[in-house]
$ cat coords08.txt   # compact mmCIF, C-alpha atoms
# COMPACT_ATOMS: atom_id res chain seq x y z
CA MET R 1 50.57 -195.61 93.85
CA HIS R 2 46.94 -194.68 94.40
CA SER R 3 44.62 -197.60 93.66
CA GLY R 4 41.61 -197.14 91.42
CA LEU R 5 39.58 -199.29 93.80
CA GLY R 6 38.86 -196.34 96.04
CA LEU R 7 37.74 -193.97 93.27
CA LEU R 8 34.22 -192.65 93.35
CA PRO R 9 32.76 -190.34 90.69
CA SER R 10 31.86 -186.85 91.89
CA LEU R 11 29.84 -186.56 88.68
CA ALA R 12 28.37 -189.08 86.29
CA ALA R 13 27.93 -188.60 82.55
CA GLU R 14 24.41 -187.51 81.67
CA LYS R 15 25.07 -186.90 77.99
CA VAL R 16 27.53 -188.20 75.43
CA THR R 17 28.38 -186.14 72.35
CA VAL R 18 29.42 -188.30 69.42
CA ARG R 19 31.72 -186.88 66.74
CA TYR R 20 32.04 -188.85 63.51
CA GLY R 21 33.60 -186.85 60.68
CA LEU R 22 31.38 -183.82 60.16
CA PHE R 23 28.55 -185.39 62.15
CA GLU R 24 28.03 -184.44 65.80
CA GLN R 25 25.11 -185.41 68.02
CA SER R 26 24.48 -185.10 71.76
CA ILE R 27 22.64 -188.08 73.25
CA PRO R 28 21.44 -188.54 76.86
CA VAL R 29 23.07 -191.58 78.47
CA ALA R 30 19.63 -192.59 79.77
CA ASP R 31 18.46 -192.86 76.14
CA ILE R 32 21.33 -195.23 75.35
CA ARG R 33 20.44 -197.44 78.33
CA SER R 34 16.78 -197.45 77.29
CA TYR R 35 17.72 -198.43 73.73
CA SER R 36 19.99 -201.24 74.98
CA GLU R 37 17.06 -202.67 76.97
CA THR R 38 14.11 -202.01 74.63
CA GLN R 39 15.65 -201.34 71.17
CA LYS R 40 13.46 -198.22 71.06
CA ALA R 41 15.42 -195.11 70.06
CA SER R 42 14.76 -191.56 71.24
CA SER R 43 14.77 -188.78 68.63
CA ASP R 44 18.34 -187.77 69.59
CA LEU R 45 19.62 -191.34 69.36
CA LYS R 46 17.69 -191.92 66.14
CA SER R 47 19.61 -189.05 64.51
CA PHE R 48 22.84 -190.89 65.28
CA LEU R 49 21.52 -194.29 64.21
CA ASP R 50 20.26 -192.87 60.90
CA TYR R 51 23.82 -191.82 60.16
CA LEU R 52 24.99 -195.45 60.40
CA SER R 53 24.74 -198.23 57.85
CA ALA R 54 22.50 -201.22 58.60
CA GLU R 55 25.59 -203.28 59.51
CA GLU R 56 26.94 -200.53 61.79
CA LYS R 57 23.57 -200.27 63.55
CA GLN R 58 23.57 -204.01 64.16
CA LYS R 59 27.09 -203.91 65.58
CA PHE R 60 26.21 -200.92 67.78
CA GLN R 61 23.21 -202.76 69.19
CA GLU R 62 25.26 -205.90 69.81
CA THR R 63 28.05 -203.87 71.45
CA LEU R 64 25.54 -202.47 73.93
CA GLN R 65 24.67 -206.03 74.98
CA VAL R 66 28.28 -206.89 75.90
CA LYS R 67 28.66 -206.78 79.68
CA MET R 68 31.88 -208.12 81.14
CA SER R 69 32.06 -209.57 84.63
CA LEU R 70 35.65 -208.74 85.52
CA ASP R 71 37.97 -209.44 88.41
CA ILE R 72 38.17 -205.96 89.97
CA VAL R 73 41.53 -206.52 91.65
CA ALA R 74 43.03 -207.79 88.38
CA VAL R 75 41.60 -204.82 86.45
CA ASP R 76 43.02 -202.38 89.01
CA LYS R 77 46.46 -204.00 88.74
CA LEU R 78 46.27 -204.07 84.96
CA ILE R 79 45.50 -200.39 84.45
CA ASN R 80 48.47 -199.50 86.64
CA THR R 81 50.92 -201.48 84.46
CA SER R 82 52.97 -199.68 81.81
CA MET R 83 50.90 -201.31 79.04
CA GLY R 84 47.65 -200.36 80.79
CA LYS R 85 48.77 -196.76 81.13
CA GLN R 86 49.70 -196.61 77.44
CA ILE R 87 46.27 -197.88 76.37
CA LEU R 88 44.52 -195.43 78.72
CA SER R 89 46.60 -192.56 77.37
CA PHE R 90 45.79 -193.47 73.77
CA ALA R 91 42.10 -193.98 74.50
CA SER R 92 41.91 -190.68 76.37
CA SER R 93 42.88 -188.85 73.17
CA ALA R 94 39.47 -189.84 71.79
CA ILE R 95 37.69 -188.08 74.67
CA ALA R 96 37.65 -184.28 74.76
CA ARG R 97 38.20 -182.64 78.17
CA ARG R 98 39.27 -179.11 79.02
CA ASP R 99 41.49 -180.43 81.82
CA GLN R 100 44.23 -183.06 81.59
CA ALA R 101 42.40 -185.64 83.69
CA SER R 102 41.16 -187.89 80.90
CA PRO R 103 43.34 -190.96 81.73
CA GLN R 104 42.35 -190.72 85.41
CA ALA R 105 38.69 -190.31 84.43
CA LEU R 106 38.89 -193.40 82.19
CA ARG R 107 40.52 -195.39 85.00
CA SER R 108 37.74 -194.38 87.38
CA ALA R 109 34.96 -195.19 84.90
CA ILE R 110 36.44 -198.62 84.13
CA ILE R 111 36.78 -199.61 87.79
CA ILE R 112 33.39 -198.25 88.88
CA GLY R 113 31.66 -199.58 85.75
CA ALA R 114 33.15 -203.02 86.39
CA LYS R 115 31.83 -202.89 89.96
CA SER R 116 28.25 -202.38 88.76
CA PRO R 117 25.87 -205.36 89.15
CA GLU R 118 25.71 -205.86 85.37
CA GLY R 119 29.49 -205.69 84.92
CA LEU R 120 31.49 -203.43 82.60
CA GLY R 121 29.72 -202.47 79.41
CA VAL R 122 29.21 -199.36 77.31
CA VAL R 123 26.31 -198.09 79.43
CA SER R 124 27.83 -198.84 82.84
CA PHE R 125 31.07 -197.17 81.67
CA LEU R 126 29.20 -194.04 80.54
CA GLU R 127 27.18 -193.91 83.76
CA ALA R 128 30.41 -194.13 85.79
CA TYR R 129 32.38 -191.55 83.81
CA PRO R 130 33.18 -188.63 86.18
CA SER R 131 31.93 -185.74 84.04
CA ASN R 132 28.39 -184.62 83.29
CA GLN R 133 29.12 -184.65 79.56
CA LEU R 134 31.37 -186.94 77.52
CA VAL R 135 32.63 -186.02 74.04
CA VAL R 136 33.78 -189.02 71.99
CA ASP R 137 35.59 -188.94 68.64
CA VAL R 138 34.49 -192.17 66.90
CA SER R 139 37.31 -192.03 64.31
CA LYS R 140 39.92 -192.10 67.10
CA ILE R 141 38.12 -194.94 68.84
CA SER R 142 38.29 -196.84 65.54
CA LYS R 143 42.05 -196.30 65.46
CA LEU R 144 42.31 -197.77 68.95
CA ALA R 145 40.36 -200.83 67.82
CA GLY R 146 42.77 -201.07 64.89
CA LEU R 147 45.64 -201.59 67.31
CA ALA R 148 44.44 -205.17 67.63
CA ASN R 149 45.88 -205.81 64.17
CA SER R 150 48.70 -203.29 64.23
CA SER R 151 51.41 -205.78 63.26
CA SER R 152 49.74 -206.68 59.94
CA SER R 153 49.55 -204.34 56.97
CA ALA R 154 46.32 -204.03 55.03
CA ASP R 155 47.85 -205.74 51.99
CA ALA R 156 49.59 -208.55 53.86
CA PRO R 157 47.93 -211.95 54.31
CA PRO R 158 46.30 -212.43 57.73
CA LYS R 159 48.50 -213.86 60.47
CA ASP R 160 48.38 -214.62 64.17
CA ASN R 161 49.62 -211.54 66.04
CA VAL R 162 47.60 -211.93 69.25
CA SER R 163 50.67 -211.89 71.49
CA SER R 164 52.33 -208.99 69.62
CA SER R 165 49.42 -206.54 69.21
CA PRO R 166 48.88 -204.00 72.04
CA LEU R 167 45.30 -205.08 72.75
CA GLY R 168 46.24 -208.75 72.56
CA LYS R 169 49.04 -208.19 75.06
CA ILE R 170 46.81 -206.36 77.51
CA ALA R 171 44.10 -209.05 77.24
CA LEU R 172 46.68 -211.74 77.99
CA GLN R 173 48.05 -209.72 80.88
CA TYR R 174 44.57 -209.32 82.37
CA GLN R 175 43.98 -213.06 82.11
CA THR R 176 47.20 -213.94 83.91
CA LEU R 177 46.35 -211.49 86.71
CA ALA R 178 42.75 -212.73 87.02
CA ALA R 179 43.73 -216.41 86.93
CA GLN R 180 46.44 -216.28 89.58
CA ASP R 181 45.97 -219.22 91.99
CA LYS R 182 42.31 -219.63 90.92
CA GLN R 183 40.39 -222.87 90.48
CA PHE R 184 37.61 -222.93 87.87
CA SER R 185 35.01 -225.60 87.24
CA GLY R 186 35.11 -224.74 83.54
CA CYS R 187 37.47 -222.86 81.21
CA LEU R 188 36.80 -221.84 77.61
CA PHE R 189 39.71 -221.31 75.22
CA GLY R 190 38.77 -219.86 71.84
CA ASP R 191 38.85 -217.04 69.33
CA SER R 192 36.65 -213.96 68.83
CA VAL R 193 33.47 -216.06 68.55
CA SER R 194 34.07 -217.45 72.04
CA ALA R 195 35.30 -214.08 73.35
CA GLY R 196 31.96 -212.64 72.24
CA LEU R 197 30.23 -214.63 74.99
CA GLY R 198 31.96 -212.69 77.74
CA ASN R 199 31.78 -214.32 81.18
CA THR R 200 28.24 -215.64 80.77
CA LEU R 201 28.87 -219.35 81.36
CA GLY R 202 28.09 -219.31 85.04
CA SER R 203 29.78 -218.94 88.39
CA GLY R 204 33.13 -220.67 88.72
CA THR R 205 33.91 -220.54 84.98
CA PHE R 206 36.32 -218.34 83.03
CA ASN R 207 36.29 -217.37 79.37
CA PHE R 208 39.86 -217.20 78.09
CA GLY R 209 38.70 -216.36 74.55
CA LEU R 210 40.89 -213.92 72.59
CA ASN R 211 40.25 -212.14 69.30
CA GLY R 212 42.37 -213.61 66.52
CA LEU R 213 43.41 -216.72 68.47
CA SER R 214 44.80 -219.70 66.55
CA THR R 215 46.64 -222.74 67.89
CA ILE R 216 49.86 -220.69 67.67
CA SER R 217 48.69 -218.05 70.16
CA LEU R 218 46.77 -220.67 72.16
CA LEU R 219 50.09 -222.30 73.05
CA GLU R 220 51.57 -218.92 74.00
CA GLN R 221 48.48 -218.20 76.11
CA LEU R 222 48.67 -221.54 77.94
CA LYS R 223 52.39 -221.14 78.60
CA SER R 224 51.61 -217.74 80.17
CA LEU R 225 48.79 -219.16 82.30
CA ILE R 226 50.48 -222.28 83.67
CA PRO R 227 52.86 -220.31 85.98
CA THR R 228 49.79 -218.67 87.59
CA LYS R 229 48.84 -222.15 88.95
CA VAL R 230 45.31 -221.76 87.59
CA LYS R 231 43.22 -224.95 87.64
CA CYS R 232 40.54 -225.87 85.08
CA GLU R 233 38.45 -228.91 85.99
CA LYS R 234 36.73 -228.93 82.59
CA ALA R 235 38.22 -227.26 79.52
CA ILE R 236 36.66 -226.47 76.16
CA ILE R 237 38.93 -225.74 73.19
CA ALA R 238 37.21 -223.90 70.34
CA VAL R 239 39.86 -223.07 67.74
CA GLY R 240 40.56 -223.77 64.08
CA ALA R 241 38.79 -221.11 62.03
CA ASN R 242 41.71 -218.70 62.35
CA ASP R 243 44.22 -221.48 61.66
CA ALA R 244 42.36 -222.03 58.40
CA TRP R 245 42.30 -218.29 57.69
CA TYR R 246 46.01 -217.82 58.47
CA GLY R 247 46.91 -220.74 56.21
CA ILE R 248 48.57 -222.77 58.97
CA SER R 249 49.68 -226.15 57.65
CA ASP R 250 47.89 -229.36 58.56
CA GLU R 251 51.03 -230.69 60.25
CA LEU R 252 51.53 -227.57 62.40
CA PHE R 253 47.85 -227.36 63.36
CA THR R 254 47.83 -231.02 64.44
CA LYS R 255 51.06 -230.63 66.42
CA ASN R 256 49.86 -227.42 68.12
CA LEU R 257 46.46 -228.83 69.08
CA GLN R 258 48.01 -231.95 70.59
CA GLU R 259 50.48 -229.81 72.55
CA ALA R 260 47.64 -227.55 73.78
CA ILE R 261 45.74 -230.59 75.06
CA ALA R 262 48.88 -231.81 76.85
CA LEU R 263 49.37 -228.40 78.50
CA ILE R 264 45.75 -228.17 79.65
CA ARG R 265 46.06 -231.63 81.21
CA THR R 266 48.70 -230.17 83.54
CA MET R 267 46.18 -227.61 84.84
CA GLY R 268 44.28 -229.90 87.22
CA ASN R 269 42.07 -230.96 84.32
CA LYS R 270 39.60 -233.85 84.44
CA GLU R 271 37.81 -233.43 81.10
CA ILE R 272 38.51 -231.73 77.75
CA PHE R 273 36.05 -231.05 74.93
CA LEU R 274 36.92 -229.93 71.40
CA ILE R 275 34.58 -227.65 69.45
CA PRO R 276 34.68 -227.87 65.63
CA ALA R 277 36.09 -224.85 63.78
CA PHE R 278 33.36 -222.31 63.03
CA TYR R 279 32.10 -222.01 59.46
CA SER R 280 31.31 -218.65 57.84
CA THR R 281 28.77 -217.72 55.19
CA VAL R 282 29.62 -218.43 51.56
CA ALA R 283 30.12 -214.71 50.82
CA ALA R 284 32.51 -214.28 53.77
CA SER R 285 34.46 -217.39 52.79
CA LEU R 286 35.09 -215.92 49.34
CA ASP R 287 36.62 -212.74 50.82
CA PRO R 288 40.18 -213.47 52.04
CA THR R 289 40.12 -210.35 54.24
CA VAL R 290 37.17 -211.74 56.25
CA ALA R 291 37.34 -215.52 56.58
CA ALA R 292 38.94 -218.73 55.36
CA PRO R 293 37.60 -220.64 52.35
CA LEU R 294 35.00 -223.17 53.51
CA PRO R 295 36.96 -226.18 52.15
CA LYS R 296 39.92 -225.17 54.34
CA VAL R 297 37.67 -225.04 57.41
CA GLU R 298 36.34 -228.49 56.43
CA GLN R 299 39.92 -229.80 56.36
CA ILE R 300 40.69 -228.28 59.77
CA ASN R 301 37.64 -230.08 61.18
CA VAL R 302 38.89 -233.38 59.75
CA LEU R 303 42.15 -232.76 61.63
CA ILE R 304 40.29 -231.88 64.85
CA ASN R 305 38.48 -235.21 64.68
CA GLN R 306 41.74 -237.05 64.06
CA VAL R 307 43.41 -235.39 67.06
CA ALA R 308 40.33 -236.08 69.20
CA GLU R 309 40.48 -239.77 68.36
CA LYS R 310 44.19 -239.97 69.10
CA GLU R 311 43.96 -238.01 72.36
CA LYS R 312 40.70 -239.72 73.39
CA VAL R 313 38.75 -236.49 73.86
CA PRO R 314 35.21 -235.86 72.55
CA VAL R 315 34.32 -233.44 69.75
CA ALA R 316 31.16 -231.62 70.84
CA ALA R 317 29.48 -230.82 67.53
CA ALA R 318 25.81 -231.67 68.13
CA GLY R 319 24.91 -228.47 69.97
CA LEU R 320 26.26 -226.30 67.14
CA THR R 321 24.26 -227.85 64.29
CA PRO R 322 21.49 -225.18 64.52
CA LEU R 323 24.09 -222.59 63.47
CA TYR R 324 24.63 -224.15 60.07
CA GLU R 325 22.99 -225.37 56.92
CA ASN R 326 25.19 -227.77 54.93
CA ASN R 327 28.23 -226.57 56.91
CA VAL R 328 27.56 -222.92 56.05
CA LEU R 329 26.74 -220.31 58.70
CA LYS R 330 23.10 -219.21 58.51
CA GLU R 331 22.67 -215.61 57.38
CA ASN R 332 20.20 -214.81 60.16
CA LEU R 333 22.72 -215.79 62.86
CA THR R 334 25.55 -213.43 61.85
CA SER R 335 26.04 -209.70 61.42
CA ASP R 336 29.17 -209.86 59.24
CA GLY R 337 29.23 -213.38 57.76
CA ASP R 338 31.95 -214.58 60.14
CA HIS R 339 30.89 -213.80 63.72
CA LEU R 340 27.74 -214.79 65.57
CA ASN R 341 25.07 -212.20 66.33
CA ALA R 342 23.03 -212.23 69.56
CA GLU R 343 20.83 -215.12 68.40
CA GLY R 344 23.82 -217.13 67.23
CA LEU R 345 25.60 -216.57 70.53
CA LYS R 346 22.54 -217.87 72.41
CA ILE R 347 22.83 -221.16 70.52
CA TYR R 348 26.58 -221.38 71.14
CA ARG R 349 26.22 -220.51 74.83
CA GLN R 350 23.55 -223.18 75.34
CA ALA R 351 25.77 -225.80 73.70
CA LEU R 352 28.64 -224.90 76.05
CA LEU R 353 26.42 -224.87 79.13
CA GLN R 354 25.29 -228.40 78.35
CA LEU R 355 28.94 -229.51 78.32
CA LEU R 356 29.84 -227.68 81.52
CA GLN R 357 26.80 -228.91 83.42
CA LYS R 358 27.28 -232.60 82.58
$ encode --input "coords08.txt" --output "structure tokens"
Amino acid sequence: MHSGLGLLPSLAAEKVTVRYGLFEQSIPVADIRSYSETQKASSDLKSFLDYLSAEEKQKFQETLQVKMSLDIVAVDKLINTSMGKQILSFASSAIARRDQASPQALRSAIIIGAKSPEGLGVVSFLEAYPSNQLVVDVSKISKLAGLANSSSSADAPPKDNVSSSPLGKIALQYQTLAAQDKQFSGCLFGDSVSAGLGNTLGSGTFNFGLNGLSTISLLEQLKSLIPTKVKCEKAIIAVGANDAWYGISDELFTKNLQEAIALIRTMGNKEIFLIPAFYSTVAASLDPTVAAPLPKVEQINVLINQVAEKEKVPVAAAGLTPLYENNVLKENLTSDGDHLNAEGLKIYRQALLQLLQK
């Protein structure tokens, strides 16, 4: 099979046309890059931004800052798996082309965007897309994002489906490919808050964060990684908020966390740190579709401390105190009440770097 590693774009996208319901706007890709770097919007981009809510604008701006440093060989292998092809095919339905080359064009843009010095992000993807104009249907992109929670109905209580959702499966598959026979000085295991950092913790580290991760899927993740013979000299475990949200019992959480520590110790590990479960804002904690009640998160953190004492591993809480006021996430450090915004991620990243550089 032809490898995506040799693909080079004969064209590169100069404009992207965004369709969102009845709204349609053509925006130069250069304007999107400029906005990502300066937060100054051109008139064309401003027309699109004015159509968004304040929260949507914030998320758009934060999305532009996400740049993933990926293992190119692992990415190339992944997009040639059956699961990778399915995701590409679904995603290509959101991009209008007169020919039938959309999956191939997506494959090329992903590989070439990932090869860029800044890594794979929205802008590097657009700049690598092999067509001078890209037409994107935002409603279809939203459906693709919804695949992450496809095994839960809207009315059902939240549950851990990381290993059963299509996007969760493909993320796990990428990690196993990228980790094969690798040795890392530091590994981060966590949920969407940790995943939001990308690979920004320095050379020789790997972020194994996954959206929706609880101790249930953490064990599944570790059992998938161990056969790859990956080694993690230092490991940071940042879980608990989703366990609280999913209503996982105290007994099961304790058992799972202890088992996760035992598994990580088989991965050439010398040091393990536990991060307390992340608190949300009061408003988010009162909405069961967004986050766990704050008292439940408090209880999870009591359990984390108990496990830490029993397993003789430190709980690294000091670096996270600027995120909170009375164990409540500060409003100015979140965009949705549950996840950290760019400023919040800076605080979290610095706390992790201090652990990894000890």
$ closest_residue --input "coords08.txt" --among "R:Gln173, R:Gln133, R:Gln180, R:Thr38" --to "Leu210 in chain R" --atoms "all atoms listed in the file"
R:Gln173
$ atom_distance --input "coords08.txt" --atom1 "CA of Gly119 in chain R" --atom2 "CA of Thr176 in chain R"
19.6 Å
$ residues_near_point --input "coords08.txt" --point "(35.5, -223.9, 51.8)" --cutoff "10 Å" --atoms "all atoms listed in the file" --output "PDB file with C-alpha atoms, in the coordinates of the input"
ATOM      1  CA  ALA R 244      42.360-222.030  58.400  1.00  0.00           C
ATOM      2  CA  TYR R 279      32.100-222.010  59.460  1.00  0.00           C
ATOM      3  CA  SER R 280      31.310-218.650  57.840  1.00  0.00           C
ATOM      4  CA  THR R 281      28.770-217.720  55.190  1.00  0.00           C
ATOM      5  CA  VAL R 282      29.620-218.430  51.560  1.00  0.00           C
ATOM      6  CA  SER R 285      34.460-217.390  52.790  1.00  0.00           C
ATOM      7  CA  LEU R 286      35.090-215.920  49.340  1.00  0.00           C
ATOM      8  CA  ALA R 291      37.340-215.520  56.580  1.00  0.00           C
ATOM      9  CA  ALA R 292      38.940-218.730  55.360  1.00  0.00           C
ATOM     10  CA  PRO R 293      37.600-220.640  52.350  1.00  0.00           C
ATOM     11  CA  LEU R 294      35.000-223.170  53.510  1.00  0.00           C
ATOM     12  CA  PRO R 295      36.960-226.180  52.150  1.00  0.00           C
ATOM     13  CA  LYS R 296      39.920-225.170  54.340  1.00  0.00           C
ATOM     14  CA  VAL R 297      37.670-225.040  57.410  1.00  0.00           C
ATOM     15  CA  GLU R 298      36.340-228.490  56.430  1.00  0.00           C
ATOM     16  CA  GLN R 299      39.920-229.800  56.360  1.00  0.00           C
ATOM     17  CA  ASN R 327      28.230-226.570  56.910  1.00  0.00           C
ATOM     18  CA  VAL R 328      27.560-222.920  56.050  1.00  0.00           C
TER      19      VAL R 328
END
$ atom_distance --input "coords08.txt" --atom1 "CA of Glu325 in chain R" --atom2 "CA of Gly337 in chain R"
13.5 Å
$ closest_residue --input "coords08.txt" --among "R:Leu126, R:Val66, R:Ala284, R:Leu78" --to "Asp31 in chain R" --atoms "all atoms listed in the file"
R:Leu126
$ atom_distance --input "coords08.txt" --atom1 "CA of Thr215 in chain R" --atom2 "CA of Gly186 in chain R"
19.5 Å
$ residues_around --input "coords08.txt" --residues "Leu323 in chain R" --least-positions-apart "6" --cutoff "10 Å" --atoms "only C-alpha atoms" --output "ChimeraX atom specification"
/R:278-280,329-334,340,343-345,347-348
$ residues_around --input "coords08.txt" --residues "Lys15 in chain R" --least-positions-apart "6" --cutoff "7 Å" --atoms "only C-alpha atoms" --output "PDB file with C-alpha atoms, in the coordinates of the input"
ATOM      1  CA  SER R  26      24.480-185.100  71.760  1.00  0.00           C
ATOM      2  CA  ILE R  27      22.640-188.080  73.250  1.00  0.00           C
ATOM      3  CA  PRO R  28      21.440-188.540  76.860  1.00  0.00           C
ATOM      4  CA  VAL R  29      23.070-191.580  78.470  1.00  0.00           C
ATOM      5  CA  ASN R 132      28.390-184.620  83.290  1.00  0.00           C
ATOM      6  CA  GLN R 133      29.120-184.650  79.560  1.00  0.00           C
ATOM      7  CA  LEU R 134      31.370-186.940  77.520  1.00  0.00           C
TER       8      LEU R 134
END
$ closest_residue --input "coords08.txt" --among "R:Val315, R:Val193, R:Leu303, R:Ala277" --to "Asn256 in chain R" --atoms "all atoms listed in the file"
R:Leu303
$ residues_around --input "coords08.txt" --residues "Gln175 in chain R" --least-positions-apart "2" --cutoff "12 Å" --atoms "only C-alpha atoms" --output "count of residues only"
33
$ residues_around --input "coords08.txt" --residues "Gly113 in chain R" --least-positions-apart "2" --cutoff "9 Å" --atoms "all atoms listed in the file" --output "ChimeraX atom specification"
/R:108-111,115-129
$ closest_residue --input "coords08.txt" --among "R:Pro130, R:Ser335, R:Lys67, R:Tyr174" --to "Pro103 in chain R" --atoms "only C-alpha atoms"
R:Pro130
$ closest_residue --input "coords08.txt" --among "R:Ser217, R:Gln65, R:Gln183, R:Asn305" --to "Gly204 in chain R" --atoms "all atoms listed in the file"
R:Gln183
$ residues_around --input "coords08.txt" --residues "range 269-276 of chain R" --least-positions-apart "5" --cutoff "10 Å" --atoms "only C-alpha atoms" --output "VMD selection string"
chain R and resid 184 to 190 231 to 241 257 261 263 to 264 297 to 298 300 to 305 307 to 308 311 to 320 351 to 352 355 to 356
$ axis_aligned_box --input "coords08.txt" --around "range 48-62 of chain R" --padding-each-side "8 Å" --output "JSON"
{"center_x": 23.7, "center_y": -198.4, "center_z": 63.8, "size_x": 22.8, "size_y": 31.0, "size_z": 28.0}
